[in-house]
file input_1.cif (mmCIF, C-alpha atoms)
data_start
#
loop_
_atom_site.label_atom_id
_atom_site.label_comp_id
_atom_site.auth_asym_id
_atom_site.auth_seq_id
_atom_site.Cartn_x
_atom_site.Cartn_y
_atom_site.Cartn_z
CA MET A 27 9.14 -41.50 -18.64
CA LYS A 28 12.11 -39.32 -17.74
CA GLN A 29 11.61 -37.42 -20.98
CA GLU A 30 8.08 -36.63 -19.86
CA THR A 31 9.23 -35.18 -16.49
CA VAL A 32 11.79 -32.87 -18.12
CA SER A 33 9.19 -31.65 -20.55
CA GLN A 34 6.77 -30.99 -17.68
CA LYS A 35 9.41 -28.91 -15.90
CA ILE A 36 10.02 -26.88 -19.04
CA ARG A 37 6.30 -26.30 -19.44
CA PHE A 38 6.09 -25.19 -15.83
CA LEU A 39 8.97 -22.73 -16.36
CA ALA A 40 7.35 -21.39 -19.51
CA PHE A 41 4.06 -20.84 -17.73
CA MET A 42 5.79 -19.16 -14.78
CA GLY A 43 7.55 -16.86 -17.25
CA LEU A 44 4.23 -15.93 -18.83
CA MET A 45 2.70 -15.23 -15.42
CA LEU A 46 5.66 -13.07 -14.41
CA ALA A 47 5.38 -11.15 -17.68
CA MET A 48 1.70 -10.53 -16.98
CA ALA A 49 2.42 -9.40 -13.41
CA VAL A 50 5.10 -6.98 -14.65
CA ALA A 51 2.83 -5.66 -17.42
CA LEU A 52 -0.02 -5.04 -14.97
CA SER A 53 2.34 -3.33 -12.54
CA PHE A 54 3.53 -1.09 -15.39
CA LEU A 55 -0.04 -0.36 -16.52
CA GLU A 56 -0.92 0.59 -12.97
CA GLY A 57 1.86 3.17 -13.03
CA LEU A 58 0.16 4.83 -16.01
CA ILE A 59 -3.10 5.37 -14.13
CA PRO A 60 -3.06 8.83 -12.54
CA ALA A 61 -2.34 8.79 -8.83
CA ILE A 62 -5.37 8.65 -6.61
CA PRO A 63 -5.52 11.69 -4.32
CA ALA A 64 -5.26 11.10 -0.56
CA LEU A 65 -3.28 7.90 -0.96
CA PRO A 66 0.08 8.01 0.78
CA PRO A 67 3.13 8.48 -1.41
CA GLY A 68 4.29 5.48 -3.38
CA VAL A 69 1.53 3.14 -2.29
CA LYS A 70 0.16 1.39 -5.36
CA LEU A 71 -3.12 -0.41 -5.69
CA GLY A 72 -1.85 -3.86 -6.65
CA LEU A 73 -3.40 -4.87 -9.98
CA SER A 74 -0.70 -7.51 -10.36
CA ASN A 75 -2.34 -9.23 -7.41
CA ILE A 76 -4.67 -10.73 -10.04
CA VAL A 77 -1.76 -12.80 -11.36
CA THR A 78 -0.54 -13.67 -7.86
CA MET A 79 -4.01 -14.95 -7.00
CA TYR A 80 -4.23 -17.01 -10.17
CA ALA A 81 -0.85 -18.57 -9.36
CA LEU A 82 -1.99 -19.21 -5.80
CA PHE A 83 -5.21 -20.93 -6.86
CA PHE A 84 -3.89 -22.92 -9.81
CA LEU A 85 -0.16 -23.44 -9.19
CA GLY A 86 0.12 -23.37 -5.40
CA PRO A 87 1.58 -21.11 -2.67
CA LEU A 88 5.26 -21.40 -3.61
CA PRO A 89 4.93 -20.38 -7.28
CA ALA A 90 2.73 -17.46 -6.16
CA ALA A 91 5.42 -16.29 -3.74
CA VAL A 92 8.11 -16.71 -6.41
CA ILE A 93 6.16 -14.49 -8.83
CA VAL A 94 5.77 -11.83 -6.12
CA VAL A 95 9.51 -11.78 -5.40
CA LEU A 96 10.54 -11.77 -9.07
CA LYS A 97 8.07 -8.97 -9.86
CA SER A 98 9.62 -6.92 -7.05
CA GLY A 99 13.00 -7.61 -8.65
CA PHE A 100 11.70 -5.93 -11.80
CA VAL A 101 10.57 -2.96 -9.71
CA LEU A 102 14.08 -2.76 -8.23
CA LEU A 103 15.61 -2.56 -11.71
CA THR A 104 13.17 0.03 -13.03
CA ARG A 105 12.09 2.15 -10.07
CA GLY A 106 14.79 1.91 -7.42
CA VAL A 107 15.31 0.59 -3.91
CA VAL A 108 12.48 2.37 -2.08
CA ALA A 109 9.87 1.24 -4.62
CA PHE A 110 11.35 -2.27 -4.44
CA LEU A 111 11.02 -2.42 -0.65
CA LEU A 112 7.41 -1.21 -0.88
CA SER A 113 6.59 -3.71 -3.62
CA LEU A 114 8.26 -6.62 -1.83
CA SER A 115 6.74 -5.95 1.60
CA GLY A 116 3.26 -5.45 0.15
CA GLY A 117 3.53 -8.52 -2.06
CA ILE A 118 4.94 -10.86 0.58
CA LEU A 119 2.46 -9.89 3.29
CA SER A 120 -0.38 -10.11 0.79
CA VAL A 121 0.53 -13.59 -0.42
CA LEU A 122 1.11 -14.86 3.15
CA VAL A 123 -2.30 -13.59 4.26
CA MET A 124 -4.02 -15.09 1.20
CA ILE A 125 -2.36 -18.46 1.93
CA ALA A 126 -3.56 -18.13 5.55
CA VAL A 127 -7.13 -17.33 4.44
CA LEU A 128 -7.17 -20.43 2.22
CA ALA A 129 -5.68 -22.56 5.02
CA VAL A 130 -8.09 -21.32 7.68
CA THR A 131 -11.12 -21.95 5.44
CA ARG A 132 -9.69 -25.31 4.28
CA ARG A 133 -9.42 -23.99 0.71
CA LYS A 134 -13.10 -23.11 0.65
CA ALA A 135 -12.74 -19.31 0.73
CA SER A 136 -14.42 -17.44 -2.11
CA TYR A 137 -12.41 -15.53 -4.72
CA LEU A 138 -13.74 -12.29 -3.26
CA LEU A 139 -12.63 -13.04 0.30
CA VAL A 140 -9.10 -14.03 -0.75
CA SER A 141 -8.89 -11.02 -3.05
CA VAL A 142 -10.08 -8.49 -0.46
CA PHE A 143 -7.71 -9.78 2.21
CA GLY A 144 -4.88 -9.89 -0.31
CA ALA A 145 -5.46 -6.27 -1.36
CA VAL A 146 -5.91 -4.98 2.20
CA PHE A 147 -2.71 -6.62 3.41
CA HIS A 148 -0.83 -5.54 0.29
CA ASN A 149 -1.59 -1.98 1.41
CA ILE A 150 -0.76 -2.70 5.05
CA GLY A 151 2.58 -4.27 4.11
CA GLN A 152 3.51 -1.22 2.06
CA LEU A 153 2.34 1.13 4.79
CA ILE A 154 4.45 -0.65 7.41
CA THR A 155 7.52 -0.23 5.20
CA ALA A 156 6.70 3.39 4.38
CA SER A 157 6.30 4.13 8.11
CA LEU A 158 9.56 2.40 8.99
CA LEU A 159 11.39 4.31 6.24
CA THR A 160 10.08 7.71 7.31
CA GLN A 161 7.84 8.39 10.28
CA PRO A 162 5.96 5.79 12.39
CA SER A 163 2.91 8.04 12.80
CA LEU A 164 2.33 7.61 9.05
CA PHE A 165 0.86 4.18 9.86
CA LEU A 166 -2.18 5.25 11.87
CA ALA A 167 -2.65 8.37 9.76
CA TYR A 168 -3.13 6.35 6.57
CA LEU A 169 -4.48 3.04 7.89
CA PRO A 170 -8.20 3.96 7.53
CA VAL A 171 -7.94 5.15 3.93
CA LEU A 172 -5.78 2.17 2.98
CA LEU A 173 -8.15 -0.33 4.58
CA LEU A 174 -10.98 1.29 2.67
CA SER A 175 -9.14 1.38 -0.66
CA GLY A 176 -7.95 -2.19 -0.05
CA VAL A 177 -11.52 -3.43 0.30
CA GLY A 178 -12.54 -1.54 -2.86
CA MET A 179 -9.53 -2.68 -4.86
CA GLY A 180 -9.91 -6.26 -3.61
CA ILE A 181 -13.47 -6.37 -4.92
CA ILE A 182 -12.30 -5.02 -8.29
CA THR A 183 -9.30 -7.36 -8.67
CA GLY A 184 -11.37 -10.34 -7.49
CA ALA A 185 -14.01 -9.57 -10.11
CA ILE A 186 -11.37 -9.15 -12.84
CA LEU A 187 -9.81 -12.49 -11.85
CA LYS A 188 -13.18 -14.20 -12.09
CA ILE A 189 -13.75 -12.66 -15.54
CA VAL A 190 -10.33 -13.59 -16.98
CA LEU A 191 -10.24 -17.08 -15.44
CA PRO A 192 -11.45 -18.87 -18.61
CA ALA A 193 -8.82 -17.05 -20.71
CA LEU A 194 -6.07 -17.90 -18.23
CA GLY A 195 -7.31 -21.49 -18.15
CA ARG A 196 -6.99 -21.74 -21.96
CA LEU A 197 -3.50 -20.25 -21.75
CA LYS A 198 -2.52 -22.85 -19.20
CA ASN A 199 -4.04 -25.67 -21.26
CA SER A 200 -2.16 -24.49 -24.34
CA ILE A 201 1.06 -25.06 -22.43
CA TYR A 202 0.01 -28.12 -20.46
CA ARG A 203 -1.68 -29.73 -23.45
CA PRO A 204 -4.07 -32.15 -21.78
CA GLN A 205 -3.48 -35.60 -23.33
CA MET B 1 5.98 -30.89 -11.73
CA SER B 2 2.40 -31.47 -10.77
CA LEU B 3 0.08 -28.54 -10.63
CA LYS B 4 -2.28 -27.83 -7.81
CA GLN B 5 -5.58 -27.78 -9.61
CA ASP B 6 -8.18 -25.40 -8.28
CA THR B 7 -11.71 -26.35 -9.10
CA PHE B 8 -13.56 -23.89 -11.27
CA SER B 9 -16.46 -24.38 -8.91
CA ARG B 10 -14.93 -22.05 -6.31
CA ALA B 11 -17.56 -19.49 -5.38
CA PHE B 12 -16.92 -15.88 -6.32
CA PHE B 13 -18.80 -14.64 -3.28
CA LYS B 14 -20.14 -16.20 -0.13
CA ARG B 15 -22.50 -14.64 2.34
CA GLY B 16 -19.99 -14.90 5.16
CA ASP B 17 -17.65 -12.63 3.18
CA LEU B 18 -19.88 -9.71 4.11
CA TRP B 19 -19.00 -10.12 7.78
CA ALA B 20 -15.29 -10.20 7.07
CA ILE B 21 -15.56 -7.07 4.91
CA LEU B 22 -17.72 -5.38 7.53
CA ALA B 23 -15.07 -6.16 10.15
CA LEU B 24 -12.37 -4.54 7.99
CA LEU B 25 -14.54 -1.45 7.48
CA LEU B 26 -15.26 -1.24 11.22
CA ILE B 27 -11.53 -1.34 11.97
CA ALA B 28 -11.03 1.48 9.45
CA ALA B 29 -13.81 3.51 11.08
CA ALA B 30 -12.43 2.87 14.58
CA VAL B 31 -8.91 3.94 13.62
CA TYR B 32 -10.31 7.02 11.89
CA GLY B 33 -12.36 7.88 14.97
CA PHE B 34 -9.29 7.42 17.13
CA SER B 35 -7.24 9.76 14.95
CA LEU B 36 -10.00 12.39 15.08
CA TRP B 37 -9.98 12.06 18.88
CA ARG B 38 -6.20 12.39 18.95
CA GLY B 39 -6.39 15.33 16.57
CA ARG B 40 -8.75 17.40 18.71
CA MET B 41 -7.47 20.82 19.67
CA PRO B 42 -8.54 22.38 22.96
CA GLU B 43 -8.34 26.15 23.36
CA GLY B 44 -4.75 27.37 23.39
CA THR B 45 -3.29 24.48 21.38
CA GLU B 46 -0.24 25.37 19.37
CA LEU B 47 0.82 23.30 16.40
CA SER B 48 4.34 22.53 15.31
CA ALA B 49 5.64 20.72 12.27
CA GLU B 50 8.20 18.04 13.04
CA ILE B 51 10.25 17.30 9.94
CA THR B 52 12.21 14.04 9.89
CA LEU B 53 14.98 12.93 7.55
CA ASP B 54 15.64 9.16 7.46
CA GLY B 55 13.50 8.87 10.60
CA GLN B 56 15.59 11.42 12.54
CA VAL B 57 14.03 14.73 13.58
CA ALA B 58 15.74 17.39 11.48
CA GLU B 59 13.70 20.41 12.41
CA THR B 60 10.68 21.44 14.47
CA ILE B 61 8.84 24.55 13.33
CA LEU B 62 6.14 26.33 15.31
CA LEU B 63 3.27 26.67 12.85
CA THR B 64 0.88 28.68 14.98
CA GLY B 65 1.39 32.30 14.07
CA HIS B 66 4.13 31.43 11.59
CA PRO B 67 4.27 33.79 8.61
CA ASP B 68 3.50 32.22 5.23
CA GLU B 69 6.68 30.86 3.75
CA ILE B 70 8.13 28.47 1.19
CA PHE B 71 11.39 26.83 2.22
CA THR B 72 13.70 23.85 1.81
CA LEU B 73 15.85 22.10 4.37
CA ASP B 74 19.58 22.66 4.08
CA GLU B 75 20.10 18.89 4.45
CA GLU B 76 17.66 18.00 1.66
CA PRO B 77 17.27 20.74 -0.95
CA ASN B 78 15.15 18.48 -3.18
CA VAL B 79 12.15 18.68 -0.88
CA THR B 80 10.25 21.94 -0.57
CA PHE B 81 7.65 22.86 2.05
CA GLU B 82 5.01 25.54 2.15
CA ILE B 83 3.62 27.06 5.33
CA ASN B 84 0.31 28.82 4.80
CA GLN B 85 -2.06 30.09 7.52
CA GLY B 86 -0.49 27.84 10.13
CA ARG B 87 -0.69 24.75 7.91
CA ILE B 88 2.16 22.94 6.18
CA ARG B 89 2.44 20.89 3.00
CA PHE B 90 4.98 19.38 0.66
CA ILE B 91 5.77 21.10 -2.58
CA ASN B 92 8.25 18.96 -4.44
CA ALA B 93 9.24 19.82 -7.97
CA VAL B 94 11.91 17.11 -8.10
CA CYS B 95 10.36 13.73 -7.30
CA PRO B 96 8.92 11.76 -10.23
CA ASP B 97 5.37 11.06 -9.12
CA LYS B 98 4.67 14.08 -6.90
CA LEU B 99 2.63 11.88 -4.61
CA CYS B 100 3.67 13.70 -1.45
CA GLU B 101 2.02 16.88 -2.70
CA GLN B 102 -1.30 15.09 -2.84
CA SER B 103 -1.34 14.69 0.92
CA GLY B 104 -2.29 18.37 0.92
CA PHE B 105 -2.02 20.73 3.87
CA LEU B 106 -1.60 19.23 7.34
CA ASP B 107 -3.36 21.15 10.08
CA ALA B 108 -4.32 18.75 12.90
CA PRO B 109 -2.21 16.95 15.52
CA ASN B 110 -0.61 13.67 14.35
CA GLU B 111 -1.41 14.25 10.69
CA THR B 112 1.58 12.96 8.76
CA ALA B 113 2.79 13.11 5.18
CA ALA B 114 5.90 11.62 3.66
CA CYS B 115 8.08 11.93 0.60
CA LEU B 116 9.38 8.38 0.22
CA PRO B 117 12.01 8.89 -2.51
CA TYR B 118 13.92 11.22 -0.17
CA ARG B 119 12.67 9.62 3.05
CA VAL B 120 11.40 12.94 4.38
CA ALA B 121 8.31 13.10 6.56
CA VAL B 122 6.41 15.86 8.30
CA ARG B 123 4.19 15.31 11.31
CA ILE B 124 2.03 17.79 13.20
CA VAL B 125 2.73 17.98 16.93
CA ALA B 126 0.44 19.74 19.40
CA SER B 127 1.56 21.62 22.46
CA GLN B 128 -0.14 23.90 24.94
CA ALA B 129 0.62 27.57 24.32
CA ALA B 130 2.74 29.25 26.97
CA SER B 131 0.45 32.29 26.69
CA ASP B 132 -2.31 30.09 28.08
CA VAL B 133 -0.94 31.00 31.48
CA PRO B 134 -2.55 34.34 32.52
CA ASP B 135 -0.28 37.08 31.30
CA VAL B 136 -0.10 39.86 33.84
CA ILE B 137 2.31 42.06 31.90
CA THR B 138 0.33 42.83 28.78
CA GLY B 139 -3.05 42.15 30.35
#

call {"tool": "encode", "arguments": {"input": "input_1.cif", "output": "structure tokens"}}
result
Amino acid sequence: MKQETVSQKIRFLAFMGLMLAMAVALSFLEGLIPAIPALPPGVKLGLSNIVTMYALFFLGPLPAAVIVVLKSGFVLLTRGVVAFLLSLSGGILSVLVMIAVLAVTRRKASYLLVSVFGAVFHNIGQLITASLLTQPSLFLAYLPVLLLSGVGMGIITGAILKIVLPALGRLKNSIYRPQ
Amino acid sequence: MSLKQDTFSRAFFKRGDLWAILALLLIAAAVYGFSLWRGRMPEGTELSAEITLDGQVAETILLTGHPDEIFTLDEEPNVTFEINQGRIRFINAVCPDKLCEQSGFLDAPNETAACLPYRVAVRIVASQAASDVPDVITG
């Protein structure tokens, strides 16, 4: 019995590691996409939110938050303190708002709704940090375009999540071999 | 470690989502409208560029009537600005992603752009021109 619990913990760790690797890879891929004009400096679109959402839906709020924080740690190592602060603030606010959306709707919210709110508040979190680091008037100046791009990006990441769900489900089953 | 199992029956989209998305878009439109209203320029408005370093105002430059110029701040030589026809923009050859340049020229009150790696920002500030007062000397 005890043996079983230890093994479950190891499986959980392995799966978390895989998720983190996916989040980091997506974050890196996103950096390769040419910058979108009219977006404020350093604000990224948040493709790795796909992984955060999967963790939120299938592992729970805490693992989702852990992945967000660890992914920001990777950003700190590779892109420096400012990028880390942007990544962390966007990620944390995004995951908190997604948890709130699920709580308010008693876990009945659609993928799209969670995804759109996650993306919008990812942008808002980053914008708050960018404004605090430089000039407060940056916030209102960029809020409209970031709300707009958040809605667009949320629809895209929500759709991608829905498409890759079966693949992620198989990955999870390969680790948590159902008996 | 038990896993919270989401049901695969979660809907991708619900009708009510449209209202939530519409609300977000309305907020965006309202903020944009507000910034247009704040950015209006009555006759005799003069524009200045307020450049901040680490959130502290480093320099304020009167843009209206300013000759075209490319310059850097003494405190931060890595960030370059261009003034052109009373507008200002970042030109930064040093930062890795050159995102600040994409903000383009700023030419309306409260427009703001920032270079995050160096924590430099520029904001447009409006003031009423002193020459708005009838000038009896030059007529």

call {"tool": "resolve_selection", "arguments": {"input": "input_1.cif", "expression": "the PyMOL selection byres ((chain A and resi 149-161) around 10)", "output": "PyMOL selection string"}}
result
(chain A and resi 66-72+108-109+111-120+143-148+162-166+168-169+171-173+175-176) or (chain B and resi 51-57+112-123)

call {"tool": "closest_residue", "arguments": {"input": "input_1.cif", "among": "A:Gly86, A:Val130, A:Leu46, A:Leu55", "to": "Ser98 of chain A", "atoms": "only C-alpha atoms"}}
result
A:Leu46

call {"tool": "closest_residue", "arguments": {"input": "input_1.cif", "among": "A:Gly180, A:Gly99, A:Gly195, A:Pro170", "to": "chain B", "atoms": "only C-alpha atoms"}}
result
A:Pro170

call {"tool": "closest_residue", "arguments": {"input": "input_1.cif", "among": "A:Leu139, A:Leu187, A:Ile201, A:Leu58", "to": "chain B", "atoms": "all atoms listed in the file"}}
result
A:Leu139

call {"tool": "residues_near_point", "arguments": {"input": "input_1.cif", "point": "(4.5, 22.9, 1.4)", "cutoff": "10 Å", "atoms": "all atoms listed in the file", "output": "tab-separated table (two decimals) with C-alpha atoms, keeping the file's coordinate frame"}}
result
chain	number	residue	atom	x	y	z
B	69	GLU	CA	6.68	30.86	3.75
B	70	ILE	CA	8.13	28.47	1.19
B	71	PHE	CA	11.39	26.83	2.22
B	72	THR	CA	13.70	23.85	1.81
B	79	VAL	CA	12.15	18.68	-0.88
B	80	THR	CA	10.25	21.94	-0.57
B	81	PHE	CA	7.65	22.86	2.05
B	82	GLU	CA	5.01	25.54	2.15
B	83	ILE	CA	3.62	27.06	5.33
B	84	ASN	CA	0.31	28.82	4.80
B	87	ARG	CA	-0.69	24.75	7.91
B	88	ILE	CA	2.16	22.94	6.18
B	89	ARG	CA	2.44	20.89	3.00
B	90	PHE	CA	4.98	19.38	0.66
B	91	ILE	CA	5.77	21.10	-2.58
B	92	ASN	CA	8.25	18.96	-4.44
B	100	CYS	CA	3.67	13.70	-1.45
B	101	GLU	CA	2.02	16.88	-2.70
B	104	GLY	CA	-2.29	18.37	0.92
B	105	PHE	CA	-2.02	20.73	3.87
B	106	LEU	CA	-1.60	19.23	7.34

call {"tool": "atom_distance", "arguments": {"input": "input_1.cif", "atom1": "atom CA of Ile186 of chain A", "atom2": "atom CA of Ala81 of chain A"}}
result
14.5 Å

call {"tool": "atom_distance", "arguments": {"input": "input_1.cif", "atom1": "atom CA of Gly106 of chain A", "atom2": "atom CA of Gly184 of chain A"}}
result
28.9 Å

call {"tool": "atom_distance", "arguments": {"input": "input_1.cif", "atom1": "atom CA of Met48 of chain A", "atom2": "atom CA of Met124 of chain A"}}
result
19.6 Å

call {"tool": "resolve_selection", "arguments": {"input": "input_1.cif", "expression": "the PyMOL selection byres ((chain A and resi 42) around 10)", "output": "list of chain:residue names"}}
result
A:Ile36, A:Arg37, A:Phe38, A:Leu39, A:Ala40, A:Phe41, A:Gly43, A:Leu44, A:Met45, A:Leu46, A:Ala47, A:Met48, A:Ala81, A:Leu85, A:Pro89, A:Ala90, A:Val92, A:Ile93

call {"tool": "closest_residue", "arguments": {"input": "input_1.cif", "among": "A:Leu174, A:Leu102, A:Leu52, A:Leu88", "to": "chain B", "atoms": "all atoms listed in the file"}}
result
A:Leu174

call {"tool": "residues_around", "arguments": {"input": "input_1.cif", "residues": "Leu194 of chain A", "least_positions_apart": "4", "cutoff": "10 Å", "atoms": "all atoms listed in the file", "output": "PyMOL selection string"}}
result
chain A and resi 45+77+80+187+189-190+198-200

call {"tool": "closest_residue", "arguments": {"input": "input_1.cif", "among": "A:Leu96, A:Ile125, A:Ala51, A:Leu191", "to": "chain B", "atoms": "all atoms listed in the file"}}
result
A:Leu191

call {"tool": "resolve_selection", "arguments": {"input": "input_1.cif", "expression": "the PyMOL selection byres ((chain B and resi 31-43) around 10)", "output": "PyMOL selection string"}}
result
(chain A and resi 166-171) or (chain B and resi 25-30+44-47+107-111+124-129+132)

call {"tool": "residues_around", "arguments": {"input": "input_1.cif", "residues": "Lys134 of chain A", "least_positions_apart": "3", "cutoff": "12 Å", "atoms": "all atoms listed in the file", "output": "list in words"}}
result
Phe83, Ile125, Ala126, Val127, Leu128, Ala129, Val130, Thr131, Tyr137, Leu138, Leu139 and Val140 of chain A; Asp6, Thr7, Phe8, Ser9, Arg10, Ala11, Phe12, Phe13, Lys14, Gly16 and Asp17 of chain B

call {"tool": "axis_aligned_box", "arguments": {"input": "input_1.cif", "around": "segment 106-125 of chain A", "padding_each_side": "8 Å", "output": "lines of an AutoDock Vina configuration file"}}
result
center_x = 5.6
center_y = -8.0
center_z = -1.6
size_x = 35.3
size_y = 36.8
size_z = 27.7

call {"tool": "closest_residue", "arguments": {"input": "input_1.cif", "among": "B:Ser103, B:Gln85, B:Asp74, B:Leu63", "to": "chain A", "atoms": "all atoms listed in the file"}}
result
B:Ser103
